[in-house]
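The structure appears right after this line, and notes come after that.
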2 protein chains.
Amino acid sequence: MPKRYFDQELKRLNEKLLEMARLAEEAISRAVRALVERNAKLAEQVIQADETINFLEIEIDELCLKLLALQQPLAVDLRFIASALKINNDLERIGDQAVNIAERSLDLLKQPLLKPLIDIPRMAALAQKMVKDSLDAFVNQDTKLARRVCERDDEVDDLNDQIFRELLTYMMQDPKTIARAVDLILVGRHLERIADLATNICEDVVYLVDGKTIKHHVEERSDS
Amino acid sequence: MPKRYFDQELKRLNEKLLEMARLAEEAISRAVRALVERNAKLAEQVIQADETINFLEIEIDELCLKLLALQQPLAVDLRFIASALKINNDLERIGDQAVNIAERSLDLLKQPLLKPLIDIPRMAALAQKMVKDSLDAFVNQDTKLARRVCERDDEVDDLNDQIFRELLTYMMQDPKTIARAVDLILVGRHLERIADLATNICEDVVYLVDGKTIKHHVEERSDS
């Protein structure tokens, strides 16, 4: 298997992962727009488009296996392909979370608006940017960007806590809001989960490039 | 690299994955016992033990990479190792979900008991069994067992819906229960997520052994 062919296939793997990330970002954006604009059609599009993401996941897995089967990939390429397998999995799950949001949105659209949504779209924009940056960090092996993405995870968590507390207050004051508030709490959770998955990807990038794990804050501990 | 050494290392990989699954099961069991028995110490044990799971994840990843780097693993071994990488990731996430449950439990222990817990321990037992069976299915390449685990996912989902509806009723009737009910709803979600992760593992087992994907119900569609 000539080196040039291997490199071409690696490049194709990168492109497919970027495409997968693009689809995942689009799914997040549409699912939240469905909620904000009260547009059921957008939510249904997210649910339908998930099939494309699922097929692409299988395609990328197969491409990784093909690359692994090539004669003696270098250690650095092995690590890269193993990371690609994981990241592929993470992106597919981000797509699933977007579907969950779309389903919550469809449920919420059947009921009157609880409150104007401000923090949820802000959280969604943050999470979406994290997904984009995590894949850019992977493709460009950019650990600085990867570390910055990991830091932003706290911002998303804080926003989620804020949303959660606000919605609890709504429910306490008016039990009629409970069903809708719980739906919105779950939307917040799904967005938080998307940010976690993007953080996972970035932790894998740092490990891939620097050989250091920042996963589970092992790094911090070993520094102390 | 002699074949026998490779086989030994594959066996070691299996054993480590089983150990990881055992730790994950124990974490689920303890986290829910913490909740049911109102025992904060158990919850704290789950949070502490997660470090062991996290280190084991890294160890298993490294073992997979080592096996991939050996000269020309057979296609069937490649697929097996690639699946091991994914399953390792899934098990670590199951551990994280157990930590989430432990955190919710600690929060709930600060407040009076909302209601005797019946469905949540039942759901936890189901989810825990799914994790155990999914790893047995992997190690024994048992697709029958894997398919049975996937079917049980619906049972967990139904229980979760039931818990959710019951807690909504509590909140509507008495706003003082809202904070606790939301905590319990989240515990239900985490258990549902654990069952999903075990289902993922089983879908990978079927794909690994039969080369057929039952992920995303592609199989159903192509049959129709």
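How things are named: the first chain in the structure tokens is A, the next is B, and so on; residues count from 1 in each chain; ligands count from 1 in the order shown.
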For this session: Define the interface residues of chain B facing chain A as those within 9 Å, counting only C-alpha atoms, and report them as a PyMOL selection string.
Result: chain B and resi 51+54-55+58+61+64-65+68-75+78-79+82+85-86+89+168+171-176+178-179+182+186+213+215-216+218
Can I get the selection written as an mmCIF file, in the first residue's frame, with N, CA and C atoms?
```cif
data_model
loop_
_atom_site.group_PDB
_atom_site.id
_atom_site.type_symbol
_atom_site.label_atom_id
_atom_site.label_comp_id
_atom_site.auth_asym_id
_atom_site.auth_seq_id
_atom_site.Cartn_x
_atom_site.Cartn_y
_atom_site.Cartn_z
ATOM 1 N N GLU B 51 -12.344 7.436 39.818
ATOM 2 C CA GLU B 51 -10.946 7.629 39.412
ATOM 3 C C GLU B 51 -10.347 6.317 38.903
ATOM 4 N N ASN B 54 -11.538 5.669 35.515
ATOM 5 C CA ASN B 54 -10.903 6.557 34.540
ATOM 6 C C ASN B 54 -9.483 6.109 34.195
ATOM 7 N N PHE B 55 -8.747 5.676 35.201
ATOM 8 C CA PHE B 55 -7.391 5.195 34.926
ATOM 9 C C PHE B 55 -7.438 3.900 34.115
ATOM 10 N N ILE B 58 -7.846 4.513 30.415
ATOM 11 C CA ILE B 58 -6.606 4.888 29.731
ATOM 12 C C ILE B 58 -5.734 3.649 29.502
ATOM 13 N N ASP B 61 -7.192 1.640 26.645
ATOM 14 C CA ASP B 61 -6.899 2.319 25.376
ATOM 15 C C ASP B 61 -5.471 2.017 24.925
ATOM 16 N N CYS B 64 -5.117 -1.468 23.644
ATOM 17 C CA CYS B 64 -5.678 -1.583 22.285
ATOM 18 C C CYS B 64 -4.691 -1.050 21.252
ATOM 19 N N LEU B 65 -4.106 0.102 21.545
ATOM 20 C CA LEU B 65 -3.157 0.692 20.599
ATOM 21 C C LEU B 65 -1.951 -0.221 20.412
ATOM 22 N N LEU B 68 -2.984 -2.991 18.195
ATOM 23 C CA LEU B 68 -3.131 -2.536 16.804
ATOM 24 C C LEU B 68 -1.768 -2.366 16.145
ATOM 25 N N ALA B 69 -0.770 -2.033 16.967
ATOM 26 C CA ALA B 69 0.561 -1.759 16.414
ATOM 27 C C ALA B 69 1.308 -3.048 16.086
ATOM 28 N N LEU B 70 0.814 -4.169 16.588
ATOM 29 C CA LEU B 70 1.495 -5.434 16.300
ATOM 30 C C LEU B 70 1.386 -5.720 14.808
ATOM 31 N N GLN B 71 2.373 -6.418 14.306
ATOM 32 C CA GLN B 71 2.421 -6.622 12.871
ATOM 33 C C GLN B 71 1.174 -7.317 12.345
ATOM 34 N N GLN B 72 0.477 -6.596 11.476
ATOM 35 C CA GLN B 72 -0.624 -7.171 10.716
ATOM 36 C C GLN B 72 -1.651 -7.972 11.496
ATOM 37 N N PRO B 73 -2.357 -7.373 12.427
ATOM 38 C CA PRO B 73 -3.444 -8.157 13.039
ATOM 39 C C PRO B 73 -4.445 -8.561 11.954
ATOM 40 N N LEU B 74 -5.041 -9.711 12.105
ATOM 41 C CA LEU B 74 -6.051 -10.170 11.145
ATOM 42 C C LEU B 74 -7.236 -9.217 11.148
ATOM 43 N N ALA B 75 -7.979 -9.201 10.052
ATOM 44 C CA ALA B 75 -9.144 -8.307 9.936
ATOM 45 C C ALA B 75 -10.101 -8.527 11.109
ATOM 46 N N LEU B 78 -8.703 -6.916 14.154
ATOM 47 C CA LEU B 78 -8.815 -5.453 14.015
ATOM 48 C C LEU B 78 -10.188 -4.976 14.461
ATOM 49 N N ARG B 79 -11.205 -5.637 13.931
ATOM 50 C CA ARG B 79 -12.571 -5.266 14.266
ATOM 51 C C ARG B 79 -12.826 -5.422 15.756
ATOM 52 N N ALA B 82 -11.044 -2.576 17.560
ATOM 53 C CA ALA B 82 -11.764 -1.313 17.339
ATOM 54 C C ALA B 82 -13.036 -1.282 18.190
ATOM 55 N N LEU B 85 -12.189 -0.530 21.810
ATOM 56 C CA LEU B 85 -11.956 0.908 22.045
ATOM 57 C C LEU B 85 -13.274 1.628 22.328
ATOM 58 N N LYS B 86 -14.286 1.298 21.544
ATOM 59 C CA LYS B 86 -15.586 1.949 21.707
ATOM 60 C C LYS B 86 -16.257 1.538 23.019
ATOM 61 N N ASN B 89 -14.895 3.158 26.030
ATOM 62 C CA ASN B 89 -15.440 4.506 26.127
ATOM 63 C C ASN B 89 -16.858 4.473 26.731
ATOM 64 N N LEU B 168 -44.314 14.066 37.885
ATOM 65 C CA LEU B 168 -45.023 15.274 37.430
ATOM 66 C C LEU B 168 -46.282 15.485 38.281
ATOM 67 N N MET B 171 -45.481 16.904 41.651
ATOM 68 C CA MET B 171 -45.137 18.330 41.594
ATOM 69 C C MET B 171 -46.369 19.196 41.440
ATOM 70 N N MET B 172 -47.305 18.728 40.596
ATOM 71 C CA MET B 172 -48.520 19.495 40.346
ATOM 72 C C MET B 172 -49.341 19.624 41.634
ATOM 73 N N GLN B 173 -49.393 18.521 42.385
ATOM 74 C CA GLN B 173 -50.220 18.515 43.591
ATOM 75 C C GLN B 173 -49.589 19.302 44.722
ATOM 76 N N ASP B 174 -48.274 19.303 44.778
ATOM 77 C CA ASP B 174 -47.611 19.969 45.892
ATOM 78 C C ASP B 174 -46.273 20.574 45.467
ATOM 79 N N PRO B 175 -46.281 21.892 45.228
ATOM 80 C CA PRO B 175 -45.058 22.553 44.736
ATOM 81 C C PRO B 175 -43.848 22.366 45.661
ATOM 82 N N LYS B 176 -44.087 22.015 46.924
ATOM 83 C CA LYS B 176 -42.938 21.809 47.823
ATOM 84 C C LYS B 176 -42.097 20.601 47.403
ATOM 85 N N ILE B 178 -41.229 19.936 44.335
ATOM 86 C CA ILE B 178 -40.631 20.123 43.001
ATOM 87 C C ILE B 178 -39.134 19.831 42.956
ATOM 88 N N ALA B 179 -38.362 20.419 43.850
ATOM 89 C CA ALA B 179 -36.901 20.246 43.774
ATOM 90 C C ALA B 179 -36.530 18.767 43.858
ATOM 91 N N VAL B 182 -37.636 16.813 40.684
ATOM 92 C CA VAL B 182 -36.735 17.044 39.549
ATOM 93 C C VAL B 182 -35.460 16.214 39.719
ATOM 94 N N LEU B 186 -34.133 13.295 37.140
ATOM 95 C CA LEU B 186 -32.785 13.235 36.571
ATOM 96 C C LEU B 186 -32.132 11.876 36.839
ATOM 97 N N THR B 213 -25.530 -4.257 10.893
ATOM 98 C CA THR B 213 -25.773 -3.203 11.860
ATOM 99 C C THR B 213 -27.235 -3.227 12.304
ATOM 100 N N LYS B 215 -27.790 -1.012 14.693
ATOM 101 C CA LYS B 215 -27.753 0.355 15.186
ATOM 102 C C LYS B 215 -28.762 1.159 14.385
ATOM 103 N N HIS B 216 -29.377 2.100 15.024
ATOM 104 C CA HIS B 216 -30.277 3.028 14.346
ATOM 105 C C HIS B 216 -31.327 2.296 13.519
ATOM 106 N N VAL B 218 -31.211 0.296 11.218
ATOM 107 C CA VAL B 218 -30.934 0.224 9.769
ATOM 108 C C VAL B 218 -31.414 -1.123 9.249
#
```
For this session: May I have the residues within 7 Å of A:Val131 as a PyMOL selection string, using only C-alpha atoms and disregarding those fewer than 5 positions away in the same chain?
Result: chain A and resi 21+25+198
Now that the selection is made, can you save its residues with N, CA and C atoms as a PDB file, in the first residue's frame?
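Here's the written file part-v8.pdb:
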```
ATOM      1  N   ALA A  21     -19.233  16.652  11.683  1.00  0.00           N
ATOM      2  CA  ALA A  21     -19.333  17.745  12.656  1.00  0.00           C
ATOM      3  C   ALA A  21     -20.278  18.823  12.139  1.00  0.00           C
ATOM      4  N   GLU A  25     -23.545  20.113  14.029  1.00  0.00           N
ATOM      5  CA  GLU A  25     -23.778  21.538  14.363  1.00  0.00           C
ATOM      6  C   GLU A  25     -25.116  22.017  13.816  1.00  0.00           C
ATOM      7  N   ALA A 198     -18.197  17.550  23.227  1.00  0.00           N
ATOM      8  CA  ALA A 198     -17.176  18.356  22.547  1.00  0.00           C
ATOM      9  C   ALA A 198     -15.909  18.413  23.412  1.00  0.00           C
TER      10      ALA A 198
END
```
For this session: Rank nothing, just name the residue among B:Ala181, B:Ala84, B:Leu109, B:Leu56 nearest to B:Leu10, using only C-alpha atoms.
Result: B:Ala84
Exercise. What are the DSSP alpha helix (DSSP H) residues of stretch 174-220 of chain B, as a VMD selection string?
Worked result: chain B and resid 178 to 210 218 to 220
Problem set entry | Spatial neighbours of B:Ala102, 12 Å, only C-alpha atoms, chain gap at least 6 places, as a VMD selection string | chain B and resid 27 to 36 38 to 50 95 to 96 108 to 109 183 to 184 186 to 187 190 to 191
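Atom pair atom CA of A:Arg193 / atom CA of A:Glu155: separated by 13.0 Å.
Counting only C-alpha atoms, the residue from B:Ala24, B:Leu17, B:Val209, B:Leu159 that sits nearest to B:Met130 is B:Ala24.
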For this session: Pick out the closest residue to A:Ala98 from this set: A:Asn14, A:Thr199, A:Gln128, A:Gln141. Count only C-alpha atoms.
Result: A:Gln128
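Comparing the minimum interatomic distances between A:Arg147 and each of A:Arg22, A:Lys11, A:Lys212, A:Arg4, counting only C-alpha atoms, we find that A:Lys212 sits nearest.
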